[in-house]
Each structure stands twice: as structure tokens, then as C-alpha cells.
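K.L.:
Got a file for you: upload-v3.csv, CSV, C-alpha atoms and all ligand atoms.
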chain,number,residue,atom,x,y,z
A,27,VAL,CA,88.4,109.6,123.3
A,28,GLY,CA,85.7,112.1,124.3
A,29,ASP,CA,82.0,111.5,124.3
A,30,SER,CA,81.4,111.7,120.5
A,31,GLU,CA,81.2,108.7,118.1
A,32,PHE,CA,84.3,106.8,117.2
A,33,ASN,CA,85.3,103.6,115.4
A,34,VAL,CA,87.5,100.7,116.5
A,35,VAL,CA,89.7,99.0,114.0
A,36,THR,CA,91.9,96.0,114.9
A,37,GLY,CA,95.5,96.1,113.5
A,38,ALA,CA,95.5,99.7,112.4
A,39,PHE,CA,99.3,99.6,112.2
A,40,SER,CA,99.4,96.4,110.2
A,41,PHE,CA,98.0,95.5,106.7
A,42,THR,CA,94.3,95.7,106.0
A,43,GLY,CA,93.5,97.5,109.2
A,44,ARG,CA,95.8,100.3,108.3
A,45,HIS,CA,94.0,101.1,105.1
A,46,ILE,CA,90.6,100.9,106.9
A,47,ALA,CA,91.9,103.3,109.6
A,48,GLU,CA,93.3,105.7,106.9
A,49,ARG,CA,89.9,105.9,105.2
A,50,LEU,CA,88.0,106.4,108.4
A,51,LEU,CA,90.4,109.3,109.4
A,52,VAL,CA,90.0,110.9,106.0
A,53,ALA,CA,86.2,110.7,106.5
A,54,GLY,CA,86.6,112.6,109.7
A,55,LYS,CA,86.0,109.7,112.1
A,56,ARG,CA,88.0,109.2,115.3
A,57,VAL,CA,89.8,105.8,115.4
A,58,ARG,CA,91.0,103.6,118.1
A,59,THR,CA,92.9,100.4,117.5
A,60,LEU,CA,93.4,97.1,119.3
A,61,THR,CA,96.8,95.7,118.4
A,62,GLY,CA,99.7,93.6,119.5
A,63,HIS,CA,101.9,96.6,118.4
A,64,VAL,CA,101.1,99.2,121.1
A,65,GLY,CA,104.1,101.4,121.3
A,66,GLY,CA,105.5,100.3,118.0
A,67,VAL,CA,106.0,102.4,114.9
A,68,ASP,CA,102.9,104.7,114.8
A,69,VAL,CA,102.2,105.4,111.1
A,70,PHE,CA,99.4,107.8,112.1
A,71,GLY,CA,101.4,110.1,114.2
A,72,GLY,CA,99.2,109.8,117.3
A,73,ARG,CA,95.9,110.2,115.5
A,74,VAL,CA,94.9,106.6,116.3
A,75,GLU,CA,94.7,105.6,120.0
A,76,ALA,CA,96.2,102.1,120.5
A,77,PHE,CA,95.4,99.5,123.1
A,78,PRO,CA,96.4,95.9,123.5
A,79,PHE,CA,93.8,93.2,122.8
A,80,ASP,CA,93.4,92.3,126.5
A,81,PHE,CA,91.9,88.9,125.7
A,82,ASP,CA,92.7,87.8,129.3
A,83,GLU,CA,90.8,90.7,130.7
A,84,PRO,CA,87.3,90.8,129.1
A,85,GLY,CA,86.0,93.6,131.3
A,86,ARG,CA,88.8,95.9,130.2
A,87,LEU,CA,88.2,94.9,126.6
A,88,VAL,CA,84.6,96.0,126.9
A,89,GLU,CA,85.7,99.3,128.4
A,90,ARG,CA,88.0,99.9,125.4
A,91,LEU,CA,85.1,99.5,123.1
A,92,ARG,CA,82.4,101.4,125.0
A,93,GLY,CA,80.9,104.2,122.9
A,94,ALA,CA,82.2,102.8,119.6
A,95,ALA,CA,79.7,103.0,116.7
A,96,THR,CA,81.4,100.5,114.5
A,97,PHE,CA,84.0,97.8,115.1
A,98,TYR,CA,86.2,96.7,112.1
A,99,ASN,CA,87.7,93.3,112.8
A,100,THR,CA,90.7,92.2,110.8
A,101,TYR,CA,91.9,89.9,113.6
A,102,TRP,CA,93.0,86.4,112.6
A,103,ASN,CA,96.2,84.3,112.9
A,104,ARG,CA,97.4,83.2,109.5
A,105,PHE,CA,98.8,79.9,110.7
A,106,PRO,CA,98.7,78.0,114.0
A,107,ARG,CA,101.9,78.5,115.9
A,108,LYS,CA,103.2,78.0,119.4
A,109,GLY,CA,100.1,76.1,120.4
A,110,VAL,CA,97.6,78.7,119.1
A,111,GLY,CA,95.6,77.2,116.3
A,112,TYR,CA,92.7,78.5,114.3
A,113,GLU,CA,90.5,77.5,117.3
A,114,GLY,CA,92.5,80.1,119.2
A,115,ALA,CA,91.8,82.8,116.6
A,116,VAL,CA,88.1,81.8,116.6
A,117,ARG,CA,88.0,81.9,120.4
A,118,ASP,CA,89.6,85.4,120.4
A,119,ILE,CA,87.2,86.6,117.8
A,120,GLY,CA,84.4,85.3,120.0
A,121,MET,CA,85.7,87.5,122.8
A,122,LEU,CA,85.9,90.5,120.5
A,123,VAL,CA,82.3,89.9,119.3
A,124,ALA,CA,81.0,89.5,122.9
A,125,ALA,CA,82.9,92.5,124.1
A,126,ALA,CA,81.6,94.7,121.2
A,127,ARG,CA,78.0,93.6,121.9
A,128,GLU,CA,78.3,94.3,125.6
A,129,ALA,CA,79.9,97.7,124.9
A,130,GLY,CA,76.9,98.6,122.8
A,131,VAL,CA,78.7,98.6,119.4
A,132,ARG,CA,76.1,99.1,116.7
A,133,ARG,CA,77.8,97.7,113.6
A,134,PHE,CA,80.3,94.9,113.4
A,135,VAL,CA,82.3,94.7,110.1
A,136,HIS,CA,84.2,91.4,110.0
A,137,ILE,CA,86.9,90.6,107.5
A,138,SER,CA,86.7,86.9,106.6
A,139,VAL,CA,88.0,85.1,103.4
A,140,ALA,CA,86.4,84.1,100.1
A,141,ASN,CA,84.7,80.7,100.3
A,142,PRO,CA,84.8,79.8,104.0
A,143,SER,CA,83.1,76.5,104.7
A,144,GLU,CA,82.5,74.3,107.8
A,145,ASP,CA,83.0,71.3,105.5
A,146,SER,CA,86.3,72.5,104.0
A,147,PRO,CA,89.2,70.0,104.2
A,148,LEU,CA,91.3,73.0,105.1
A,149,SER,CA,91.1,74.1,108.8
A,150,TYR,CA,91.7,77.8,107.9
A,151,PHE,CA,88.5,77.9,105.9
A,152,ARG,CA,86.6,75.9,108.6
A,153,GLY,CA,87.9,78.4,111.2
A,154,LYS,CA,86.8,81.3,109.1
A,155,ALA,CA,83.3,79.8,108.7
A,156,ALA,CA,83.1,79.3,112.5
A,157,ALA,CA,84.2,82.9,113.1
A,158,GLU,CA,81.5,84.2,110.7
A,159,GLU,CA,78.8,82.2,112.7
A,160,LEU,CA,79.9,84.0,115.8
A,161,VAL,CA,79.4,87.4,114.1
A,162,LYS,CA,76.1,86.4,112.6
A,163,GLY,CA,74.8,85.1,115.9
A,164,SER,CA,75.9,88.2,117.9
A,165,GLY,CA,72.7,90.2,117.6
A,166,MET,CA,74.7,93.2,116.3
A,167,SER,CA,74.1,94.5,112.8
A,168,TYR,CA,76.9,93.0,110.7
A,169,ALA,CA,78.8,93.1,107.4
A,170,ILE,CA,81.1,90.2,106.5
A,171,VAL,CA,83.7,91.1,103.8
A,172,ARG,CA,85.4,88.1,102.3
A,173,PRO,CA,88.7,88.9,100.4
A,174,THR,CA,90.3,86.7,97.9
A,175,ALA,CA,94.1,87.1,97.9
A,176,VAL,CA,95.1,90.6,99.0
A,177,PHE,CA,97.9,92.7,97.4
A,178,GLY,CA,99.3,96.1,98.2
A,179,PRO,CA,102.4,97.8,99.6
A,180,ASP,CA,104.4,95.2,101.6
A,181,ASP,CA,101.9,92.4,101.2
A,182,VAL,CA,103.1,88.9,101.9
A,183,PHE,CA,101.8,87.6,98.6
A,184,ILE,CA,102.7,89.5,95.4
A,185,ASN,CA,105.5,91.4,97.1
A,186,ASN,CA,107.2,88.3,98.4
A,187,ILE,CA,106.9,86.4,95.1
A,188,ALA,CA,108.6,89.5,93.5
A,189,TRP,CA,111.3,89.3,96.2
A,190,MET,CA,111.9,85.6,95.5
A,191,LEU,CA,112.0,86.2,91.7
A,192,LYS,CA,114.5,89.0,92.1
A,193,ARG,CA,116.7,87.2,94.6
A,194,PHE,CA,116.9,83.6,93.4
A,195,PRO,CA,117.9,82.1,90.0
A,196,VAL,CA,115.0,79.6,90.1
A,197,PHE,CA,111.4,80.0,91.1
A,198,GLY,CA,109.4,76.8,91.7
A,199,VAL,CA,105.7,76.7,90.8
A,200,ALA,CA,103.7,74.0,92.6
A,201,GLY,CA,102.1,71.6,90.1
A,202,SER,CA,100.8,72.7,86.7
A,203,GLY,CA,100.4,76.4,87.6
A,204,GLU,CA,97.2,76.4,85.7
A,205,TYR,CA,95.0,77.0,88.8
A,206,ARG,CA,93.5,80.4,89.1
A,207,VAL,CA,94.1,83.2,91.5
A,208,GLN,CA,92.1,86.5,91.9
A,209,PRO,CA,94.1,89.2,93.5
A,210,VAL,CA,92.3,92.1,95.2
A,211,PHE,CA,93.9,95.5,96.2
A,212,VAL,CA,94.1,96.2,99.9
A,213,GLY,CA,92.8,99.7,99.4
A,214,ASP,CA,89.7,98.3,97.7
A,215,VAL,CA,89.1,95.9,100.5
A,216,ALA,CA,89.3,98.7,103.0
A,217,GLU,CA,87.0,100.9,100.9
A,218,LEU,CA,84.4,98.1,100.8
A,219,CYS,CA,84.7,97.6,104.5
A,220,VAL,CA,84.2,101.3,105.3
A,221,GLU,CA,81.3,101.4,102.9
A,222,ALA,CA,79.8,98.3,104.5
A,223,GLY,CA,80.3,99.9,107.9
A,224,GLY,CA,78.1,102.8,106.9
A,225,LYS,CA,75.2,100.6,106.1
A,226,THR,CA,72.7,99.1,108.5
A,227,GLU,CA,71.5,95.9,106.8
A,228,ASN,CA,73.3,92.6,107.4
A,229,LEU,CA,75.4,91.7,104.4
A,230,VAL,CA,78.0,89.2,103.2
A,231,VAL,CA,80.1,90.2,100.2
A,232,ASP,CA,83.3,88.9,98.5
A,233,ALA,CA,86.1,91.4,98.1
A,234,ALA,CA,87.5,90.3,94.8
A,235,GLY,CA,89.5,92.1,92.1
A,236,PRO,CA,88.6,92.4,88.4
A,237,GLU,CA,91.4,90.1,87.1
A,238,ILE,CA,91.7,86.4,87.4
A,239,TYR,CA,95.1,84.9,86.5
A,240,ALA,CA,96.3,81.4,85.9
A,241,PHE,CA,99.2,81.2,88.5
A,242,ASN,CA,101.7,80.8,85.7
A,243,ASP,CA,100.5,84.0,84.1
A,244,LEU,CA,100.7,85.8,87.4
A,245,ILE,CA,104.3,84.7,87.9
A,246,ARG,CA,105.1,85.8,84.3
A,247,LEU,CA,103.6,89.2,85.0
A,248,ILE,CA,105.5,89.8,88.2
A,249,LYS,CA,108.7,88.4,86.7
A,250,GLU,CA,108.6,90.8,83.7
A,251,SER,CA,107.6,93.7,85.9
A,252,VAL,CA,110.5,93.4,88.2
A,253,GLY,CA,113.0,92.4,85.5
A,254,SER,CA,113.7,89.0,87.0
A,255,LYS,CA,115.8,86.5,85.0
A,256,ALA,CA,114.8,83.6,87.2
A,257,ALA,CA,114.0,80.3,85.6
A,258,VAL,CA,110.5,79.2,86.4
A,259,VAL,CA,110.2,75.5,87.0
A,260,HIS,CA,107.3,73.3,87.9
A,261,LEU,CA,107.6,71.1,90.9
A,262,PRO,CA,105.4,68.5,92.6
A,263,ALA,CA,103.5,70.3,95.4
A,264,GLY,CA,105.5,68.5,98.1
A,265,LEU,CA,108.8,69.6,96.6
A,266,ALA,CA,107.6,73.2,96.1
A,267,LEU,CA,106.6,73.2,99.8
A,268,PHE,CA,110.0,71.9,100.7
A,269,ALA,CA,111.6,74.6,98.6
A,270,SER,CA,109.4,77.3,100.3
A,271,LYS,CA,110.7,76.0,103.6
A,272,VAL,CA,114.3,76.5,102.5
A,273,VAL,CA,113.4,80.1,101.5
A,274,GLY,CA,111.5,80.5,104.8
A,275,TRP,CA,114.6,79.4,106.6
A,276,LEU,CA,116.7,82.1,104.8
A,277,ALA,CA,114.0,84.7,105.3
A,278,LYS,CA,113.2,83.6,108.9
A,279,ASP,CA,109.5,83.3,108.0
A,280,VAL,CA,106.9,80.8,106.9
A,281,VAL,CA,106.6,81.6,103.2
A,282,ILE,CA,103.5,79.5,102.6
A,283,THR,CA,101.8,76.8,104.6
A,284,LYS,CA,100.7,73.5,103.2
A,285,GLU,CA,97.0,74.5,103.6
A,286,GLU,CA,97.6,77.8,101.7
A,287,MET,CA,99.3,75.8,98.9
A,288,ASP,CA,96.5,73.2,98.8
A,289,GLY,CA,94.0,76.0,98.8
A,290,MET,CA,95.8,77.9,96.0
A,291,VAL,CA,96.3,74.8,93.9
A,292,GLY,CA,92.6,74.0,94.4
A,293,GLY,CA,91.7,77.5,93.2
A,294,ILE,CA,89.7,78.0,96.4
A,295,THR,CA,90.4,81.7,96.8
A,296,VAL,CA,88.7,82.6,93.5
A,297,SER,CA,85.3,84.3,94.1
A,298,ASN,CA,82.0,83.0,92.7
A,299,GLU,CA,80.5,86.5,92.6
A,300,PRO,CA,80.9,89.3,90.1
A,301,PRO,CA,84.0,91.3,91.3
A,302,VAL,CA,83.2,94.6,93.1
A,303,CYS,CA,86.8,95.8,93.7
A,304,PRO,CA,88.1,97.9,90.8
A,305,THR,CA,91.9,98.0,91.0
A,306,ARG,CA,93.7,95.9,88.4
A,307,LEU,CA,96.8,94.1,89.6
A,308,SER,CA,98.4,94.6,86.2
A,309,GLU,CA,98.1,98.3,86.5
A,310,TRP,CA,99.1,98.5,90.1
A,311,ILE,CA,102.2,96.4,89.4
A,312,ALA,CA,103.2,98.7,86.5
A,313,ARG,CA,103.0,101.7,88.9
A,314,ASN,CA,104.8,100.0,91.7
A,315,ALA,CA,107.5,97.9,89.9
A,316,GLN,CA,110.3,100.0,91.4
A,317,THR,CA,109.5,99.1,95.0
A,318,LEU,CA,107.9,95.7,94.5
A,319,GLY,CA,109.9,92.9,96.1
A,320,ARG,CA,112.6,95.2,97.4
A,321,ARG,CA,112.1,94.0,101.0
A,322,TYR,CA,110.7,90.7,102.2
A,323,ALA,CA,107.4,91.2,104.2
A,324,SER,CA,107.7,88.8,107.1
A,325,GLU,CA,104.6,87.4,108.8
A,326,LEU,CA,106.6,85.9,111.7
A,327,GLY,CA,108.6,89.1,112.0
A,328,ARG,CA,105.5,91.1,112.3
A,329,HIS,CA,103.4,89.0,114.6
A,330,TYR,CA,105.9,87.0,116.6
A,331,ARG,CA,109.2,89.0,116.8
A,332,ASP,CA,108.5,92.7,116.8
A,333,GLY,CA,105.1,92.4,118.4
A,401,LIG,N1,96.3,89.1,103.4
A,401,LIG,C1,95.5,88.4,102.6
A,401,LIG,O1,95.9,88.0,101.5
A,401,LIG,C2,94.1,87.9,103.0
A,401,LIG,C3,93.4,87.2,102.1
A,401,LIG,C4,92.1,86.8,102.5
A,401,LIG,C5,91.6,87.1,103.7
A,401,LIG,N2,92.4,87.9,104.6
A,401,LIG,C6,91.9,88.2,105.9
A,401,LIG,O2,91.9,89.6,106.1
A,401,LIG,C7,92.1,89.9,107.5
A,401,LIG,C8,93.3,90.8,107.6
A,401,LIG,O3,94.4,90.2,107.1
A,401,LIG,P1,95.8,91.0,107.0
A,401,LIG,O4,96.7,90.2,106.1
A,401,LIG,O5,95.5,92.4,106.7
A,401,LIG,O6,96.3,90.8,108.5
A,401,LIG,P2,97.3,91.6,109.5
A,401,LIG,O7,97.0,93.1,109.3
A,401,LIG,O8,98.6,91.1,109.4
A,401,LIG,O9,96.7,91.2,110.9
A,401,LIG,C9,95.3,91.5,111.2
A,401,LIG,C10,95.2,91.6,112.7
A,401,LIG,O10,95.4,90.3,113.3
A,401,LIG,C11,96.4,90.3,114.3
A,401,LIG,N3,97.3,89.2,114.2
A,401,LIG,C12,97.7,88.5,113.0
A,401,LIG,N4,98.4,87.5,113.3
A,401,LIG,C13,98.5,87.4,114.6
A,401,LIG,C14,99.1,86.5,115.5
A,401,LIG,N5,99.8,85.5,115.1
A,401,LIG,N6,99.0,86.8,116.8
A,401,LIG,C15,98.3,87.8,117.3
A,401,LIG,N7,97.7,88.7,116.5
A,401,LIG,C16,97.8,88.5,115.2
A,401,LIG,C17,97.2,91.6,113.9
A,401,LIG,O11,97.9,92.1,115.1
A,401,LIG,P3,98.8,93.4,115.1
A,401,LIG,O12,97.8,94.5,115.2
A,401,LIG,O13,99.6,93.3,116.3
A,401,LIG,O14,99.5,93.4,113.8
A,401,LIG,C18,96.1,92.5,113.4
A,401,LIG,O15,95.5,93.2,114.5
A,401,LIG,C19,92.3,88.5,108.2
A,401,LIG,O16,91.1,88.1,108.7
A,401,LIG,C20,92.7,87.6,107.0
A,401,LIG,O17,92.4,86.3,107.3
A,401,LIG,C21,93.6,88.3,104.3
As C-alpha cells, please, write out the structure in this file.
Ligand SMILES: NC(=O)c1ccc[n+]([C@@H]2O[C@H](COP(=O)([O-])OP(=O)(O)OC[C@H]3O[C@@H](n4cnc5c(N)ncnc54)[C@H](OP(=O)(O)O)[C@@H]3O)[C@@H](O)[C@H]2O)c1

P.N.:
Amino acid sequence: VGDSEFNVVTGAFSFTGRHIAERLLVAGKRVRTLTGHVGGVDVFGGRVEAFPFDFDEPGRLVERLRGAATFYNTYWNRFPRKGVGYEGAVRDIGMLVAAAREAGVRRFVHISVANPSEDSPLSYFRGKAAAEELVKGSGMSYAIVRPTAVFGPDDVFINNIAWMLKRFPVFGVAGSGEYRVQPVFVGDVAELCVEAGGKTENLVVDAAGPEIYAFNDLIRLIKESVGSKAAVVHLPAGLALFASKVVGWLAKDVVITKEEMDGMVGGITVSNEPPVCPTRLSEWIARNAQTLGRRYASELGRHYRDG
């Protein structure tokens, strides 16, 4: 990186960060990424400089960020594993925030989640609230973008439901299935982040899509789109979780955690704001039915095996 302005995006080879980096490159910005996948598959053909997170060497982390105008933080751990809980993710984010401030970063765009709360019974949402406080207290100008449930190519949500519906004769829905979900397109989340990165005022905004589905209707839509003949059955949440563990054992992944299931059944990921992200899941699915669910997208594979 020379002496002109550049942006840093965490996880530019992974899910949301990749779409943010893409948009920044199209806008003519230079992009550097922090990632656990340095030396892995480079989807940008060398246009994005990649460095490790270097959490154990804060001084080096600061040097990686020096001169960056905006820092886009997607970093988080979806579930605690191998001794690293949400406290670990919050501590790591604290290091990123401190390093960005010390490096003179002007704008910090932080990707959180819809409805974080320090009083939530779910530690994921408490951790997200704690991370937001670190960003707000950093002294940097900030934007906090809070996605609902994100879909897009190779997502771990819609894609993996499609994969299960195509592969197994039965699909288990936890409880009544009447709880609501509000999917948002990853490209729209990225667009919102980049837009927020270009502003100067502090802001907090939900990234939510235009359609809200009862979970049953969402499953019906995916099922019809991919031509699945699976029988959809309703199971008590505990049994649905057990079934997901069996699928997880086959797919060598954690399909859904108890917290995620509790959150979904509680409708917690639905936004309370008018939606600002335009892409309709129904239209996106219609365009992508051929590839949807063809491959399982593995969280563990991505962050614990190939990393
Ligand atoms: N996906 C959703 O449905 C959804 C919904 C609401 C909110 N969000 C939030 O949006 C942000 C981005 O999510 P995403 O799904 O796009 O994530 P992602 O791209 O899979 O990962 C984002 C970043 O976190 C790092 N990371 C993730 N798990 C890790 C682990 N176990 N150990 C070390 N590093 C790890 C990744 O490292 P690498 O660079 O090595 O991959 C990447 O830099 C997160 O804050 C997430 O909580 C996502």
C-alpha cells in the first residue's frame, strides 16, 4: 500500500466482507483485509492485500491499519468453540477498535446484529451489545450496521436449508413454525455498510430485507424453488435441535446452535425499523434456484479446518 487512502475490511475472502470489498474495489478504493485465510483462495486475484489478525501482536496490528481511512469490521465468532466464547470475540473486537484508533482510522463501520441487548437471555446478543459499546466509546466516528438473517451465494442459512430439503426425505421445523424471519441480501448489507462508511455522522441502522416470512412459509418457498419432495414435520425444539446435530454430524458442521434456534423461535432477528434493504428473497431464490443448496456451506470447515 502506498501513501494514498485505503480501506481495511475484515474477512474479505469470506461472506459479508467479500461483498464489502467488492464494492470498495468497484468504487476505486484500495482494500486491505485482515483474515484467518491469508494464502487461501484469493477471489480478488491479488487486488486485496491480506494479513493475519495478529491479535497477539497489537503493535503489528496497528501498523497494518496505519493510513486506513475506514475500517469495516465483520469479525465475530458465530459460536463459542475450543474455549473461545463470545467474550473472546468481544475482546478481539476491542483489540481491533483500539488498533484502529491508534492507527488514526477516521471511520469505523461495525457489523453487528439486529436487536443486540445487554439484557438478552442469549449470550450472542449480549456479546453483540458489548461489542457495539466498544465501538461507540472508541472516539472514532462510527456506523453500526445490524443485519437480520443474511442470505446470498453460499450462505449458511437459506442455502443450507435448501441443501437439507434436497438431500433428506424429512425436514424438521422447530415448534409451530409460525415465528417470523426477515432475510436480508448480503449484497444489500454490504451496500449499506459502504454507504455508511462514506458518511461522517455516528449512526446505527438495521440491515433488514423487505419481506418477513413465517418460518413455515420460508420453508415452503425454498422447498418449491428447489423441487424438494421432503416431508416437513413439526418437532419440539429439543428434538429439532437433536435432529440438527445428526445432520451436523453428517455434514461435519454445527448446523444451528441452541441459542440460534431459541432466537429464531423467539422471532428476535426481525427488525423493528422500516426495512432499508431492497432485495426480495423470493425473487433472489427464483433467480438462483439452480445453484441453491447444491453444496453445503460449512461454518466449521471455513473457520476451523481450512483456516
Ligand atoms: N450471516 C448472517 O446471517 C448474519 C446475521 C446477522 C449478523 N451477522 C453478522 O455479520 C458479520 C459477518 O458475518 P458473516 O456471516 O459474513 O461472517 P464471516 O464472513 O464468516 O466471518 C466474518 C469474519 O470473522 C472471522 N471469523 C468468523 N468466525 C471465526 C472464528 N471462529 N475464528 C476466527 N475468525 C472467525 C472471519 O475470518 P476469515 O477471514 O478467516 O474467514 C471473518 O474475518 C458478523 O458480525 C455476524 O455476526 C451475520

K.L.:
Residues at most 7 Å from ligand LIG 401 (chain A), using only C-alpha atoms and all ligand atoms? Could they come as number ranges by chain?

P.N.:
A: 36-43, 60-63, 100-104, 137-140, 172-177, 181-183, 328-330, 333

K.L.:
Work out how far apart CA of Ala256 (chain A) and CA of Val196 (chain A) are and give it in Å to one decimal.

P.N.:
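Between these atoms lies a distance of 4.9 Å.
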
K.L.:
May I have the protein, DNA and RNA residues with an atom at most 8 Å from (95.7, 85.9, 88.6), counting all atoms listed in the file in the file's coordinates, returned as a PDB file with C-alpha atoms, in the frame of the given file?

P.N.:
ATOM      1  CA  ARG A 206      93.500  80.400  89.100  1.00  0.00           C
ATOM      2  CA  VAL A 207      94.100  83.200  91.500  1.00  0.00           C
ATOM      3  CA  GLN A 208      92.100  86.500  91.900  1.00  0.00           C
ATOM      4  CA  PRO A 209      94.100  89.200  93.500  1.00  0.00           C
ATOM      5  CA  GLU A 237      91.400  90.100  87.100  1.00  0.00           C
ATOM      6  CA  ILE A 238      91.700  86.400  87.400  1.00  0.00           C
ATOM      7  CA  TYR A 239      95.100  84.900  86.500  1.00  0.00           C
ATOM      8  CA  ALA A 240      96.300  81.400  85.900  1.00  0.00           C
ATOM      9  CA  PHE A 241      99.200  81.200  88.500  1.00  0.00           C
ATOM     10  CA  ASP A 243     100.500  84.000  84.100  1.00  0.00           C
ATOM     11  CA  LEU A 244     100.700  85.800  87.400  1.00  0.00           C
TER      12      LEU A 244
END

K.L.:
Got a sec: who's within 12 Å of Gly327 (chain A), counting all atoms listed in the file, leaving out chain neighbours fewer than 4 positions off, as a ChimeraX atom specification?

P.N.:
/A:40,63,182,274,277-281,322-323,331-333

K.L.:
Pick out the closest residue to Met290 (chain A) from this set: A:Ala125, A:Val67, A:Leu218, A:Ala263. Count only C-alpha atoms.

P.N.:
A:Ala263

K.L.:
Given the choices A:Ser324, A:Gln316, A:Ser202, A:Asn186, which gets closest to Pro262 (chain A) if the distance is worked out from all atoms listed in the file?

P.N.:
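The closest residue to Pro262 (chain A) is A:Ser202.
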
K.L.:
So how many Å separate CA of Phe77 (chain A) and CA of Val34 (chain A), to one decimal?

P.N.:
10.4 Å

K.L.:
One number please: CA of Val212 (chain A) to CA of His260 (chain A), in Å, one decimal.

P.N.:
29.0 Å

K.L.:
Name the closest residue to Ser297 (chain A) among the candidates A:Arg152, A:Gly235, A:Arg132, A:Val161; distances are taken between atoms, counting all atoms listed in the file.

P.N.:
A:Gly235

K.L.:
Ranking A:Gly253, A:Gly203, A:Gly223, A:Gly289 by minimum distance to Ala188 (chain A) and counting all atoms listed in the file, which one comes first?

P.N.:
A:Gly253

K.L.:
Identify which of the residues A:Pro84, A:Pro78, A:Pro195, A:Gly163 lies closest to Val258 (chain A), counting all atoms listed in the file when measuring atom-to-atom distances.

P.N.:
A:Pro195
